[in-house]
$ cat coords.tsv   # TSV, C-alpha atoms
chain	number	residue	atom	x	y	z
A	8	MET	CA	52.56	136.57	115.28
A	9	THR	CA	53.83	135.16	118.62
A	10	ARG	CA	53.78	131.63	117.21
A	11	LEU	CA	55.75	132.74	114.17
A	12	LEU	CA	58.44	134.31	116.40
A	13	LEU	CA	58.61	131.17	118.55
A	14	VAL	CA	59.02	128.93	115.48
A	15	ALA	CA	61.62	131.27	113.98
A	16	GLY	CA	63.47	131.44	117.31
A	17	ALA	CA	63.42	127.65	117.68
A	18	SER	CA	64.62	127.26	114.11
A	19	CYS	CA	67.57	129.63	114.73
A	20	ALA	CA	68.46	127.82	117.96
A	21	LEU	CA	68.37	124.46	116.17
A	22	SER	CA	70.55	125.80	113.31
A	23	ALA	CA	73.08	127.18	115.80
A	24	ALA	CA	73.17	123.87	117.69
A	25	LEU	CA	73.74	121.91	114.47
A	26	ALA	CA	76.48	124.32	113.34
A	27	ALA	CA	78.23	123.96	116.71
A	28	GLN	CA	78.46	120.16	116.39
A	29	PRO	CA	81.93	118.99	115.33
A	30	ARG	CA	82.18	117.88	111.73
A	31	ALA	CA	83.32	114.34	111.02
A	32	LEU	CA	87.03	114.05	110.38
A	33	THR	CA	88.25	112.49	107.16
A	34	ALA	CA	91.62	110.98	106.37
A	35	ALA	CA	93.97	113.07	104.27
A	36	PRO	CA	94.89	111.53	100.90
A	37	SER	CA	98.54	111.61	101.95
A	38	THR	CA	100.53	112.17	105.12
A	39	ARG	CA	104.09	113.29	105.88
A	40	ALA	CA	106.59	110.76	107.18
A	41	THR	CA	110.22	110.84	108.29
A	42	VAL	CA	112.78	108.07	108.80
A	43	THR	CA	116.07	108.75	110.58
A	44	VAL	CA	119.23	106.82	111.40
A	45	THR	CA	121.34	108.27	114.21
A	46	LEU	CA	125.06	107.58	113.96
A	47	ALA	CA	126.92	107.65	117.27
A	48	GLY	CA	130.67	107.95	117.77
A	49	PRO	CA	132.65	105.27	119.60
A	50	GLN	CA	131.49	104.64	123.17
A	51	GLY	CA	133.03	107.18	125.52
A	52	SER	CA	134.03	109.56	122.73
A	53	GLN	CA	133.02	113.21	122.56
A	54	VAL	CA	131.88	112.89	118.94
A	55	ALA	CA	128.37	114.32	118.55
A	56	PRO	CA	125.83	111.99	116.93
A	57	ALA	CA	125.07	112.60	113.26
A	58	LYS	CA	121.81	111.83	111.48
A	59	ILE	CA	120.70	110.65	108.08
A	60	THR	CA	117.05	111.57	107.47
A	61	VAL	CA	114.58	110.98	104.66
A	62	ASP	CA	111.43	113.15	104.81
A	63	TYR	CA	108.65	112.31	102.35
A	64	GLY	CA	104.99	112.73	101.50
A	65	GLN	CA	103.33	109.37	102.07
A	66	PRO	CA	100.63	108.71	99.45
A	67	HIS	CA	98.21	105.80	99.88
A	68	LEU	CA	96.82	103.44	97.25
A	69	ARG	CA	93.17	103.71	98.38
A	70	GLY	CA	92.13	101.01	95.90
A	71	ARG	CA	94.31	102.29	93.05
A	72	THR	CA	97.02	100.37	91.19
A	73	LEU	CA	100.54	101.59	90.48
A	74	HIS	CA	101.70	102.27	86.92
A	75	THR	CA	98.26	103.34	85.70
A	76	GLY	CA	97.39	106.86	84.59
A	77	ASP	CA	99.22	109.37	86.78
A	78	LEU	CA	100.02	106.96	89.62
A	79	VAL	CA	103.75	106.27	89.17
A	80	PRO	CA	103.79	105.85	85.39
A	81	LEU	CA	106.59	103.74	83.93
A	82	ASP	CA	109.45	105.47	82.06
A	83	SER	CA	108.71	108.86	83.59
A	84	VAL	CA	110.44	110.56	86.54
A	85	TRP	CA	108.24	110.25	89.62
A	86	ARG	CA	108.41	112.72	92.50
A	87	PHE	CA	108.90	109.82	94.97
A	88	GLY	CA	106.07	110.62	97.31
A	89	ALA	CA	103.41	113.29	97.51
A	90	ASN	CA	103.33	117.07	97.75
A	91	GLU	CA	106.72	118.64	98.61
A	92	SER	CA	109.77	116.87	97.22
A	93	THR	CA	111.24	114.00	99.20
A	94	THR	CA	114.45	115.08	100.90
A	95	LEU	CA	117.58	113.29	102.00
A	96	ASP	CA	119.35	115.27	104.72
A	97	THR	CA	122.68	113.80	105.75
A	98	GLY	CA	124.86	115.14	108.54
A	99	VAL	CA	127.81	113.10	107.26
A	100	ASP	CA	129.39	112.36	103.89
A	101	LEU	CA	127.39	109.41	102.57
A	102	GLU	CA	127.70	106.67	99.99
A	103	LEU	CA	124.39	105.60	98.51
A	104	GLY	CA	124.41	102.72	96.04
A	105	GLY	CA	128.12	103.22	95.46
A	106	HIS	CA	127.81	106.98	94.76
A	107	ARG	CA	129.42	109.45	97.21
A	108	PHE	CA	127.60	112.56	98.42
A	109	ALA	CA	128.89	115.38	100.58
A	110	ARG	CA	126.95	116.06	103.76
A	111	GLY	CA	123.95	118.24	103.01
A	112	LYS	CA	120.41	118.18	101.70
A	113	TYR	CA	119.19	116.59	98.45
A	114	SER	CA	115.87	115.87	96.74
A	115	LEU	CA	115.04	112.30	95.74
A	116	TYR	CA	113.12	111.20	92.67
A	117	VAL	CA	112.55	107.77	91.12
A	118	LEU	CA	112.57	106.61	87.51
A	119	PRO	CA	110.54	103.38	87.29
A	120	SER	CA	110.73	101.25	84.17
A	121	ALA	CA	110.02	97.69	83.17
A	122	SER	CA	113.76	97.11	82.68
A	123	GLY	CA	114.77	98.50	86.10
A	124	TRP	CA	114.23	101.34	88.56
A	125	GLN	CA	116.63	104.17	89.40
A	126	LEU	CA	116.84	106.46	92.42
A	127	ILE	CA	117.66	110.01	91.32
A	128	VAL	CA	119.56	112.22	93.76
A	129	ASN	CA	119.07	115.89	92.85
A	130	ALA	CA	120.72	119.03	94.27
A	131	ASN	CA	117.60	121.20	93.85
A	132	THR	CA	115.79	121.34	97.24
A	133	GLY	CA	112.82	123.05	98.86
A	134	GLN	CA	110.49	122.78	95.87
A	135	TRP	CA	107.15	121.12	95.19
A	136	GLY	CA	107.69	117.49	94.24
A	137	THR	CA	106.67	117.93	90.61
A	138	SER	CA	109.27	120.69	90.05
A	139	TYR	CA	111.99	118.34	88.85
A	140	VAL	CA	115.08	120.03	87.35
A	141	PRO	CA	117.10	117.33	85.52
A	142	ASP	CA	120.15	119.62	85.17
A	143	ARG	CA	120.55	119.42	88.96
A	144	ASP	CA	120.88	115.60	89.07
A	145	VAL	CA	123.86	114.48	91.15
A	146	ALA	CA	123.48	110.73	90.53
A	147	ARG	CA	121.17	108.03	89.22
A	148	ILE	CA	121.41	104.87	91.27
A	149	PRO	CA	120.14	101.47	90.04
A	150	LEU	CA	117.73	99.87	92.50
A	151	THR	CA	117.15	96.21	93.27
A	152	LYS	CA	113.47	95.38	92.83
A	153	THR	CA	111.49	92.58	94.42
A	154	THR	CA	107.79	91.87	94.12
A	155	LEU	CA	105.85	91.58	97.36
A	156	ALA	CA	103.13	88.96	97.84
A	157	SER	CA	100.93	91.45	99.72
A	158	PRO	CA	100.71	95.12	98.68
A	159	VAL	CA	101.86	97.94	100.96
A	160	GLU	CA	99.02	100.50	101.24
A	161	GLY	CA	101.09	103.62	101.95
A	162	LEU	CA	104.49	104.44	100.51
A	163	SER	CA	106.98	103.38	103.19
A	164	VAL	CA	110.70	104.19	103.42
A	165	TRP	CA	113.32	102.56	105.68
A	166	LEU	CA	116.96	103.24	106.50
A	167	ILE	CA	117.94	99.87	107.94
A	168	PRO	CA	121.27	99.80	109.82
A	169	SER	CA	123.61	96.88	109.27
A	170	ARG	CA	123.85	94.18	111.95
A	171	ASP	CA	127.59	94.84	112.07
A	172	ALA	CA	127.89	97.13	115.11
A	173	GLY	CA	131.21	98.51	113.88
A	174	ALA	CA	129.94	99.63	110.48
A	175	ALA	CA	127.93	102.75	109.73
A	176	SER	CA	126.10	101.13	106.82
A	177	GLY	CA	122.87	99.45	105.89
A	178	GLU	CA	120.05	99.33	103.39
A	179	PHE	CA	117.90	102.12	101.96
A	180	ARG	CA	114.56	100.48	101.14
A	181	PHE	CA	111.12	101.62	100.08
A	182	ALA	CA	107.91	99.87	99.13
A	183	TRP	CA	104.52	100.78	97.71
A	184	GLY	CA	101.98	98.45	96.22
A	185	THR	CA	103.76	95.20	95.42
A	186	ALA	CA	107.04	96.92	94.46
A	187	GLN	CA	109.91	96.89	96.96
A	188	LEU	CA	113.15	98.63	95.97
A	189	SER	CA	116.48	98.95	97.67
A	190	THR	CA	120.13	99.96	97.55
A	191	THR	CA	122.95	100.17	100.05
A	192	TRP	CA	124.08	103.12	102.19
A	193	ARG	CA	127.28	103.58	104.15
A	194	VAL	CA	129.42	106.27	105.71
A	195	PRO	CA	132.79	106.20	103.90
$ encode --input "coords.tsv" --output "structure tokens"
Amino acid sequence: MTRLLLVAGASCALSAALAAQPRALTAAPSTRATVTVTLAGPQGSQVAPAKITVDYGQPHLRGRTLHTGDLVPLDSVWRFGANESTTLDTGVDLELGGHRFARGKYSLYVLPSASGWQLIVNANTGQWGTSYVPDRDVARIPLTKTTLASPVEGLSVWLIPSRDAGAASGEFRFAWGTAQLSTTWRVP
């Protein structure tokens, strides 16, 4: 009887010790990323800086290929990222690909096709990325597409300021897999 209690006690102690060990961490299938451009007023002015921010879920390829199955199918609106909808939050009136937008918050979607890609700017915000409401589209902007020699593992977005120090303008660019897409941005 004493031996049985000792074995049972040792077994419980071993189980507790194993349960207390930290579990191995695993990488999430997607992360959240943000890119921001800060716009400053003229040197010495009292103008408060304004920001243009894109916040997006950053999916990763993990050995998959774009335009297969549910992974960015052609000719279907894509949520442009993962999880919650991708948002454009601009503290200034903004021109994106020649289309003007009032300062505020917008959701971004993408329509990929073999004949050309479009960036969709939508007024519906705060929803899950797959809750696309086409009636709330503000603009559809043609994108310039280039094919990359080496694939980009995780969806990446950039707001690249112009080299012209006097201009509040630049390039809105994103890449995933071997697709790189872009359009212009500027403060009118």
$ closest_residue --input "coords.tsv" --among "A:Val164, A:Ser189, A:Ala175, A:Gly184" --to "Pro49 (chain A)" --atoms "all atoms listed in the file"
A:Ala175
$ closest_residue --input "coords.tsv" --among "A:Trp135, A:Trp192, A:Tyr113, A:Phe179" --to "Gly64 (chain A)" --atoms "all atoms listed in the file"
A:Trp135
$ closest_residue --input "coords.tsv" --among "A:Leu118, A:Trp85, A:Pro36, A:Leu68" --to "Thr185 (chain A)" --atoms "all atoms listed in the file"
A:Leu68
$ residues_around --input "coords.tsv" --residues "region 92-96 of chain A" --least-positions-apart "3" --cutoff "10 Å" --atoms "only C-alpha atoms" --output "PyMOL selection string"
chain A and resi 39-43+58-65+86-89+99+110-116+128-139
$ closest_residue --input "coords.tsv" --among "A:Leu150, A:Ala35, A:Leu101, A:Ala186" --to "Trp124 (chain A)" --atoms "all atoms listed in the file"
A:Leu150
$ atom_distance --input "coords.tsv" --atom1 "CA of Gly105 (chain A)" --atom2 "CA of Thr191 (chain A)"
7.6 Å
$ atom_distance --input "coords.tsv" --atom1 "CA of Pro119 (chain A)" --atom2 "CA of Phe181 (chain A)"
12.9 Å
$ build_atoms --input "coords.tsv" --residues "region 86-97 of chain A" --atoms "all heavy atoms" --output "mmCIF file, keeping the file's coordinate frame"
data_model
loop_
_atom_site.group_PDB
_atom_site.id
_atom_site.type_symbol
_atom_site.label_atom_id
_atom_site.label_comp_id
_atom_site.auth_asym_id
_atom_site.auth_seq_id
_atom_site.Cartn_x
_atom_site.Cartn_y
_atom_site.Cartn_z
ATOM 1 N N ARG A 86 107.965 111.858 91.396
ATOM 2 C CA ARG A 86 108.410 112.720 92.500
ATOM 3 C C ARG A 86 108.744 111.973 93.778
ATOM 4 O O ARG A 86 109.188 112.568 94.742
ATOM 5 C CB ARG A 86 107.385 113.799 92.782
ATOM 6 C CG ARG A 86 106.078 113.261 93.331
ATOM 7 C CD ARG A 86 105.250 114.387 93.846
ATOM 8 N NE ARG A 86 103.892 114.342 93.349
ATOM 9 C CZ ARG A 86 103.025 115.270 93.581
ATOM 10 N NH1 ARG A 86 103.347 116.326 94.268
ATOM 11 N NH2 ARG A 86 101.806 115.176 93.124
ATOM 12 N N PHE A 87 108.571 110.659 93.815
ATOM 13 C CA PHE A 87 108.900 109.820 94.970
ATOM 14 C C PHE A 87 108.185 110.299 96.223
ATOM 15 O O PHE A 87 108.788 110.718 97.196
ATOM 16 C CB PHE A 87 110.411 109.762 95.189
ATOM 17 C CG PHE A 87 110.862 108.751 96.232
ATOM 18 C CD1 PHE A 87 110.150 107.601 96.469
ATOM 19 C CD2 PHE A 87 112.003 108.958 96.967
ATOM 20 C CE1 PHE A 87 110.554 106.674 97.414
ATOM 21 C CE2 PHE A 87 112.431 108.046 97.927
ATOM 22 C CZ PHE A 87 111.700 106.906 98.138
ATOM 23 N N GLY A 88 106.875 110.222 96.166
ATOM 24 C CA GLY A 88 106.070 110.620 97.310
ATOM 25 C C GLY A 88 104.933 111.508 96.871
ATOM 26 O O GLY A 88 104.469 111.438 95.745
ATOM 27 N N ALA A 89 104.509 112.368 97.788
ATOM 28 C CA ALA A 89 103.410 113.290 97.510
ATOM 29 C C ALA A 89 103.789 114.683 97.987
ATOM 30 O O ALA A 89 104.618 114.846 98.880
ATOM 31 C CB ALA A 89 102.150 112.820 98.235
ATOM 32 N N ASN A 90 103.193 115.665 97.356
ATOM 33 C CA ASN A 90 103.330 117.070 97.750
ATOM 34 C C ASN A 90 104.768 117.577 97.614
ATOM 35 O O ASN A 90 105.330 117.471 96.541
ATOM 36 C CB ASN A 90 102.746 117.287 99.143
ATOM 37 C CG ASN A 90 101.311 116.798 99.210
ATOM 38 O OD1 ASN A 90 100.565 116.952 98.254
ATOM 39 N ND2 ASN A 90 100.922 116.195 100.304
ATOM 40 N N GLU A 91 105.358 118.117 98.702
ATOM 41 C CA GLU A 91 106.720 118.640 98.610
ATOM 42 C C GLU A 91 107.683 117.515 98.226
ATOM 43 O O GLU A 91 107.433 116.362 98.492
ATOM 44 C CB GLU A 91 107.171 119.253 99.947
ATOM 45 C CG GLU A 91 106.389 120.486 100.355
ATOM 46 C CD GLU A 91 105.155 120.125 101.174
ATOM 47 O OE1 GLU A 91 105.003 118.949 101.560
ATOM 48 O OE2 GLU A 91 104.330 121.010 101.409
ATOM 49 N N SER A 92 108.815 117.905 97.644
ATOM 50 C CA SER A 92 109.770 116.870 97.220
ATOM 51 C C SER A 92 110.309 116.103 98.420
ATOM 52 O O SER A 92 110.421 116.633 99.519
ATOM 53 C CB SER A 92 110.920 117.487 96.417
ATOM 54 O OG SER A 92 111.677 118.349 97.211
ATOM 55 N N THR A 93 110.613 114.852 98.182
ATOM 56 C CA THR A 93 111.240 114.000 99.200
ATOM 57 C C THR A 93 112.668 114.471 99.377
ATOM 58 O O THR A 93 113.362 114.734 98.402
ATOM 59 C CB THR A 93 111.192 112.531 98.752
ATOM 60 O OG1 THR A 93 109.824 112.125 98.723
ATOM 61 C CG2 THR A 93 111.990 111.631 99.668
ATOM 62 N N THR A 94 113.093 114.586 100.645
ATOM 63 C CA THR A 94 114.450 115.080 100.900
ATOM 64 C C THR A 94 115.287 114.053 101.650
ATOM 65 O O THR A 94 114.787 113.331 102.512
ATOM 66 C CB THR A 94 114.438 116.393 101.708
ATOM 67 O OG1 THR A 94 113.761 116.181 102.934
ATOM 68 C CG2 THR A 94 113.787 117.506 100.937
ATOM 69 N N LEU A 95 116.553 114.026 101.283
ATOM 70 C CA LEU A 95 117.580 113.290 102.000
ATOM 71 C C LEU A 95 118.448 114.342 102.652
ATOM 72 O O LEU A 95 119.011 115.195 101.962
ATOM 73 C CB LEU A 95 118.414 112.433 101.035
ATOM 74 C CG LEU A 95 119.722 111.857 101.594
ATOM 75 C CD1 LEU A 95 119.427 110.811 102.667
ATOM 76 C CD2 LEU A 95 120.564 111.265 100.477
ATOM 77 N N ASP A 96 118.534 114.314 103.978
ATOM 78 C CA ASP A 96 119.350 115.270 104.720
ATOM 79 C C ASP A 96 120.377 114.460 105.501
ATOM 80 O O ASP A 96 120.026 113.701 106.403
ATOM 81 C CB ASP A 96 118.471 116.085 105.662
ATOM 82 C CG ASP A 96 119.201 117.258 106.287
ATOM 83 O OD1 ASP A 96 120.420 117.395 106.077
ATOM 84 O OD2 ASP A 96 118.539 118.048 106.986
ATOM 85 N N THR A 97 121.638 114.599 105.117
ATOM 86 C CA THR A 97 122.680 113.800 105.750
ATOM 87 C C THR A 97 123.677 114.699 106.475
ATOM 88 O O THR A 97 124.206 115.638 105.882
ATOM 89 C CB THR A 97 123.380 112.866 104.742
ATOM 90 O OG1 THR A 97 124.427 112.173 105.400
ATOM 91 C CG2 THR A 97 123.908 113.588 103.523
#
